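Worksheet: the structure to be examined is printed underneath.
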Amino acid sequence: MGYYFNDLDAVFSASHGDTEHSLSVLAGRYIGANPESPYTARPFTTEGIIRNKDYRYEFDGNAFFPGTEDGKYAYAWGKIRRDACGSLRFLLIPKGPVKIWANGTEVYATTFESERFDDNPVTIDIPVEKGWNHIVLRFTKTRAGFGAEFGTWLGKLDYYFLHGTDENDNMEGFDIVPPTSVRFQDYPPSEKSYEDGGFSKSVLPLKNWSDEESRLGNVGRIFKGTGAEGKRIAARSRFTSYAPGEIEIRAGDAEIYVDGTKAENGKASLKAGIHQVLAILKAGADGKADFSCDVLDRNGKKLPLENPLIACDEKYPWMFAGPFAKTPDSSLADFKTDALVGDGDEKTWWRIDIPGGFIRLYNENPLWGHWDYPLGVTLYGLIETGRMQIKNGKGDAIARYVENHVRKTVRTLEYALFDRDHFGGATCVHHLLSSIDSLDDCGSFGSLLLEVAKDRDVGDYGAIADYVGDYITKKQARLEDGSFWRKQMMHKFHNGTMWADDLYMSVPFLCRYAAFKNDGNILDDAARQFLGFKKRLYMADKKLMAHVFDFRRNMNTGVPWGRGNGWTIFSLSELLQVLPENHKNRGELLSFFRELSEGYLSVQDESGMFHQVLDMPESYPESSCTSMFICAFSRGIRNGWFEGDTSKYRESAMRAWAALEKCAIDKAGNLYGVCRGSEFSFNPKYYSEHLLPQLNNTHGIGITLLAGVEILKLAEFA
């Protein structure tokens with residue numbers, strides 16, 4: 001059969017036929033492996049080497065160090081953590097000679113040919129070890145150029161580096177050695193390198209406060225040039241009280257709030273524990289303001305202060321936000337760790353006392369709190385599973401998990417856009433959404449957002465729904481007939497193509513957004529997409545869809561990739577569920593649904609599974625497309641979309657689910673046989689031999705849950 005998991009028969013669930021149990025273990029394993037977790041906060045400065053809108057670091061040596069003599073070297077030293085040995089795909093666009101070391105070994109050096117064009121990228125696979133990996137780049141100054149752009153090979157991949165030295169090891173960026181004649185011989189640099197006068201100079205912030213700025217005081221210099229004079233500034237820290245009792249806060253003329261409550265006369269009676277302290281002060285009319293604050297326990301002993309966002313960080317104990325003229329003090333006292341500070345047009349984010357200094361948020365969780373299209377499907381399956389459990393009186397833990405994930409994404413959109421606009425263009429939270437340039441970036445999760453909002457409290461989701469809706473309806477590239485296509489993306493390999501996948505990345509969202517906006521034109525657009533995609537991708541002789549249409553060659557690939565076909569019919573079922581009976585396109589779309597269903601039925605194998613390349617039985621059985629065909633057949637039966645006897649589709653769906661329970665879902669809730677995310681090819685062996693299945697891939701978890709829910713609904717349907 002070509003299964004990749006036959007040797008695991010012993011671990012698969014012994015409770016075949018118990019669909020509710022299968023769904024519970026699938027959902028339970030996923031939630032257990034991806035618990036609700038906060039974002040990571042780090043100090044950050046805009047004055048160093050930072051990532052640009054293409055998500056790569058940029059070092060322009062002539063701008064950093066004007067007047068450098070030809071032949072001098074500058075160095076950048078950063079580190080990155082990896083969970084396993086392997087390679088890090090790294091792109092370099094040199095402006096002059098560059099040499100790269102990884103963990104002490106030279107891995108790349110430019111040549112006169114690679115230095116010829118300063119817009120010609122070089123892709124390098126840097127070997128990395130498990131744990132911390134130190135990367136050092138050496139830039140040589142020449143008349144032609146000095147520096148490089150470097151980092152991720154693919155826009156919007158959100159990997160980043162931290163400073164190499166211990167002094168700045170919690171801060172994103174690279175330590176910089178100013179121009180020198182020294183050629184260091186060991187990497188990462190040792191004590192000898194320090195003695196040679198090299199990396200001892202690589203201390204950030206790259207710029208120190210000038211004498212004039214220092215005389216302004218900490219608040220004065222941080223907010224210089226922002227029009228802060230005479231306006232309010234919020235300063236926040238936290239402390240730990242180890243015993244109950246009264247504490248005293250000495251902060252000059254500042255108004256003090258402890259845990260959101262105003263401390264009259266600077267005093268408050270507190271329980272033992274961690275407490276938030278907020279000081280609201282006014283910047284001086286002359287621009288000068290120097291803030292200091294002491295917190296004393298009941299014995300008059302100073303309590304140490306630490307940053308409320310950067311856990312256990314005493315280096316930057318206070319963070320500052322402002323200036324505020326209209327925001328009420330009560331709003332500033334309401335502390336949120338992932339939302340902007342202030343009201344209306346005064347919304348801003350937290351700064352620290354270094355030049356260009358801010359706090360920056362990073363989502364370092366593998367899946368929790370992220371926004372991407374596989375997660376949109378995963379959470380769709382989870383919310384439907386949660387609804388089924390609520391219906392059966394088993395509680396709402398799964399639904400609450402989804403609700404909290406979605407609420408987190410809603411709440412942090414404003415921060416993500418602030419981050420993009422102020423820190424170079426590459427974000428560390430919602431990087432896909434903030435750098436949106438494709439349907440992949442927004443449609444799937446946007447659809448999930450609107451679905452969950454039907455019966456769960458996800459906060460003020462209208463703004464994020466309209467943000468996605470504005471992109472899809474007004475900005476996404478279209479052909480002359482209105483069909484979506486991939487025209488100009490950061491991932492240039494996709495340019496000039498149309499993908500079957502994009503029916504799922506657009507149509508389910510448009511269906512829900514049409515209801516949200518009460519706008520039938522949006523639903524018409526969803527229906528029109530199927531006609532345009534069918535025209536270019538449908539292979540009528542096989543009743544299957546090709547994966548991609550390549551406009552450069554003016555032909556489709558001719559390869560009926562399983563999941564691409566799954567996206568097609570599953571999305572069509574989403575549309576038919578809400579399309580009015582009298583809609584002008586309904587008849588044609590119903591016929592298309594039936595034709596596709598016939599085509600898929602003809603390629604199901606004896607076990608009940610469908611394959612990675614649908615008409616290539618020697619390709620492996622694939623779980624995500626099998627699940628999507630189950631969903632479509634069940635919905636077709638229950639909604640009366642088929643003509644005549646539907647028993648063959650019922651039997652097909654039941655056999656497919658039995659095969660998934662037998663061969664793809666183990667007793668611990670692991671899911672096998674899901675194809676990883678794809679590119680495209682005209683060669684079917686790319687799909688069958690290179691796009692191999694992965695364990696617990698998020699492209700399959702949610703849709704398998706949806707398939708199980710559909711099996712339960714189908715069992716109840718007479």
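Numbering starts fresh at 1 for the residues of each chain in the structure tokens, the chains themselves are lettered A, B, ... in the order given, and ligands are numbered from 1 as they appear.
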
Residues within 8 Å of Thr497 in chain A, please, as a count of residues only. Count only C-alpha atoms; anything in the same chain fewer than 2 positions from it doesn't count.
11

Shell of 9 Å around Tyr649 in chain A, only C-alpha atoms, local chain residues under 3 positions omitted, as a PyMOL selection string
chain A and resi 597+601+630+633-634+636-637+645-646+652-654

Write out, as a compact mmCIF listing (two decimals), in the first residue's frame, the residues just selected, with C-alpha atoms.
# COMPACT_ATOMS: atom_id res chain seq x y z
CA SER A 597 -17.06 14.05 -6.22
CA LEU A 601 -14.65 8.55 -5.73
CA ILE A 630 -14.91 12.89 3.95
CA PHE A 633 -19.14 13.84 0.88
CA SER A 634 -20.83 14.13 4.28
CA GLY A 636 -23.14 16.73 0.15
CA ILE A 637 -25.30 13.95 1.56
CA ASP A 645 -28.71 7.25 -4.53
CA THR A 646 -26.04 8.64 -2.17
CA SER A 652 -16.82 6.08 0.83
CA ALA A 653 -16.78 8.55 3.73
CA MET A 654 -17.20 5.81 6.33

Excluding range 453-460 of chain A and any residue of its chain fewer than 3 positions from it, enumerate the residues within 6 Å of it, using only C-alpha atoms, and give them as a compact mmCIF listing (two decimals) with N, CA, C and O atoms, in the first residue's frame.
# COMPACT_ATOMS: atom_id res chain seq x y z
N GLU A 403 -10.93 29.93 21.75
CA GLU A 403 -11.34 31.30 22.04
C GLU A 403 -10.17 32.14 22.52
O GLU A 403 -9.95 33.27 22.06
N ARG A 407 -8.58 35.33 20.67
CA ARG A 407 -8.60 36.61 21.36
C ARG A 407 -7.19 37.21 21.44
O ARG A 407 -7.00 38.42 21.31
N LEU A 450 -13.85 34.69 12.17
CA LEU A 450 -15.28 34.98 12.05
C LEU A 450 -16.13 33.79 12.48
O LEU A 450 -17.24 33.97 13.00

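CA of Tyr159 in chain A is found 21.6 Å from CA of Glu106 in chain A.
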
Mind checking DSSP for range 678-711 of chain A and telling me the helix (DSSP H, G or I) residues as a ChimeraX atom specification?
/A:684-690,698-711

Okay, now the selection with N, CA and C atoms, as a CSV table (one decimal), in the first residue's frame?
chain,number,residue,atom,x,y,z
A,684,PRO,N,5.0,14.9,-11.2
A,684,PRO,CA,4.3,14.3,-10.1
A,684,PRO,C,5.2,13.7,-9.1
A,685,LYS,N,6.4,13.3,-9.4
A,685,LYS,CA,7.3,12.7,-8.5
A,685,LYS,C,7.8,13.7,-7.4
A,686,TYR,N,7.7,15.0,-7.7
A,686,TYR,CA,8.0,16.0,-6.7
A,686,TYR,C,7.1,15.8,-5.5
A,687,TYR,N,5.8,15.6,-5.8
A,687,TYR,CA,4.8,15.4,-4.8
A,687,TYR,C,5.0,14.1,-4.1
A,688,SER,N,5.2,13.0,-4.8
A,688,SER,CA,5.2,11.7,-4.3
A,688,SER,C,6.5,11.3,-3.6
A,689,GLU,N,7.7,11.9,-4.0
A,689,GLU,CA,9.0,11.5,-3.5
A,689,GLU,C,9.7,12.6,-2.7
A,690,HIS,N,9.3,13.8,-2.8
A,690,HIS,CA,9.9,14.9,-2.1
A,690,HIS,C,9.0,15.5,-1.0
A,698,THR,N,0.4,20.5,11.0
A,698,THR,CA,-0.8,21.3,11.2
A,698,THR,C,-1.7,21.4,10.0
A,699,HIS,N,-1.1,21.0,8.8
A,699,HIS,CA,-2.0,21.0,7.6
A,699,HIS,C,-3.0,19.9,7.7
A,700,GLY,N,-2.9,19.0,8.7
A,700,GLY,CA,-3.8,17.9,8.7
A,700,GLY,C,-4.6,17.7,10.0
A,701,ILE,N,-4.2,18.3,11.1
A,701,ILE,CA,-4.8,18.0,12.4
A,701,ILE,C,-6.3,18.5,12.4
A,702,GLY,N,-6.4,19.8,12.0
A,702,GLY,CA,-7.7,20.4,12.0
A,702,GLY,C,-8.7,19.8,11.1
A,703,ILE,N,-8.3,19.5,9.8
A,703,ILE,CA,-9.2,18.9,8.9
A,703,ILE,C,-9.6,17.5,9.2
A,704,THR,N,-8.7,16.8,9.9
A,704,THR,CA,-9.0,15.4,10.4
A,704,THR,C,-10.1,15.5,11.5
A,705,LEU,N,-9.9,16.5,12.4
A,705,LEU,CA,-11.0,16.7,13.4
A,705,LEU,C,-12.3,17.1,12.7
A,706,LEU,N,-12.3,17.9,11.7
A,706,LEU,CA,-13.5,18.3,11.0
A,706,LEU,C,-14.1,17.0,10.3
A,707,ALA,N,-13.3,16.2,9.8
A,707,ALA,CA,-13.8,14.9,9.2
A,707,ALA,C,-14.5,14.1,10.2
A,708,GLY,N,-13.9,13.9,11.4
A,708,GLY,CA,-14.5,13.1,12.5
A,708,GLY,C,-15.9,13.7,12.9
A,709,VAL,N,-15.9,15.1,13.0
A,709,VAL,CA,-17.2,15.7,13.4
A,709,VAL,C,-18.2,15.4,12.3
A,710,GLU,N,-17.8,15.5,11.0
A,710,GLU,CA,-18.8,15.2,9.9
A,710,GLU,C,-19.2,13.8,10.0
A,711,ILE,N,-18.4,12.8,10.3
A,711,ILE,CA,-18.8,11.4,10.5
A,711,ILE,C,-19.9,11.3,11.5

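Checking A:Gly151, A:Gly164, A:Pro304, A:Gly608 one by one against His134 in chain A, counting only C-alpha atoms, you find the shortest gap at A:Gly164.
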
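Take CA of Tyr471 in chain A and CA of Lys53 in chain A: the distance between them is 18.2 Å.
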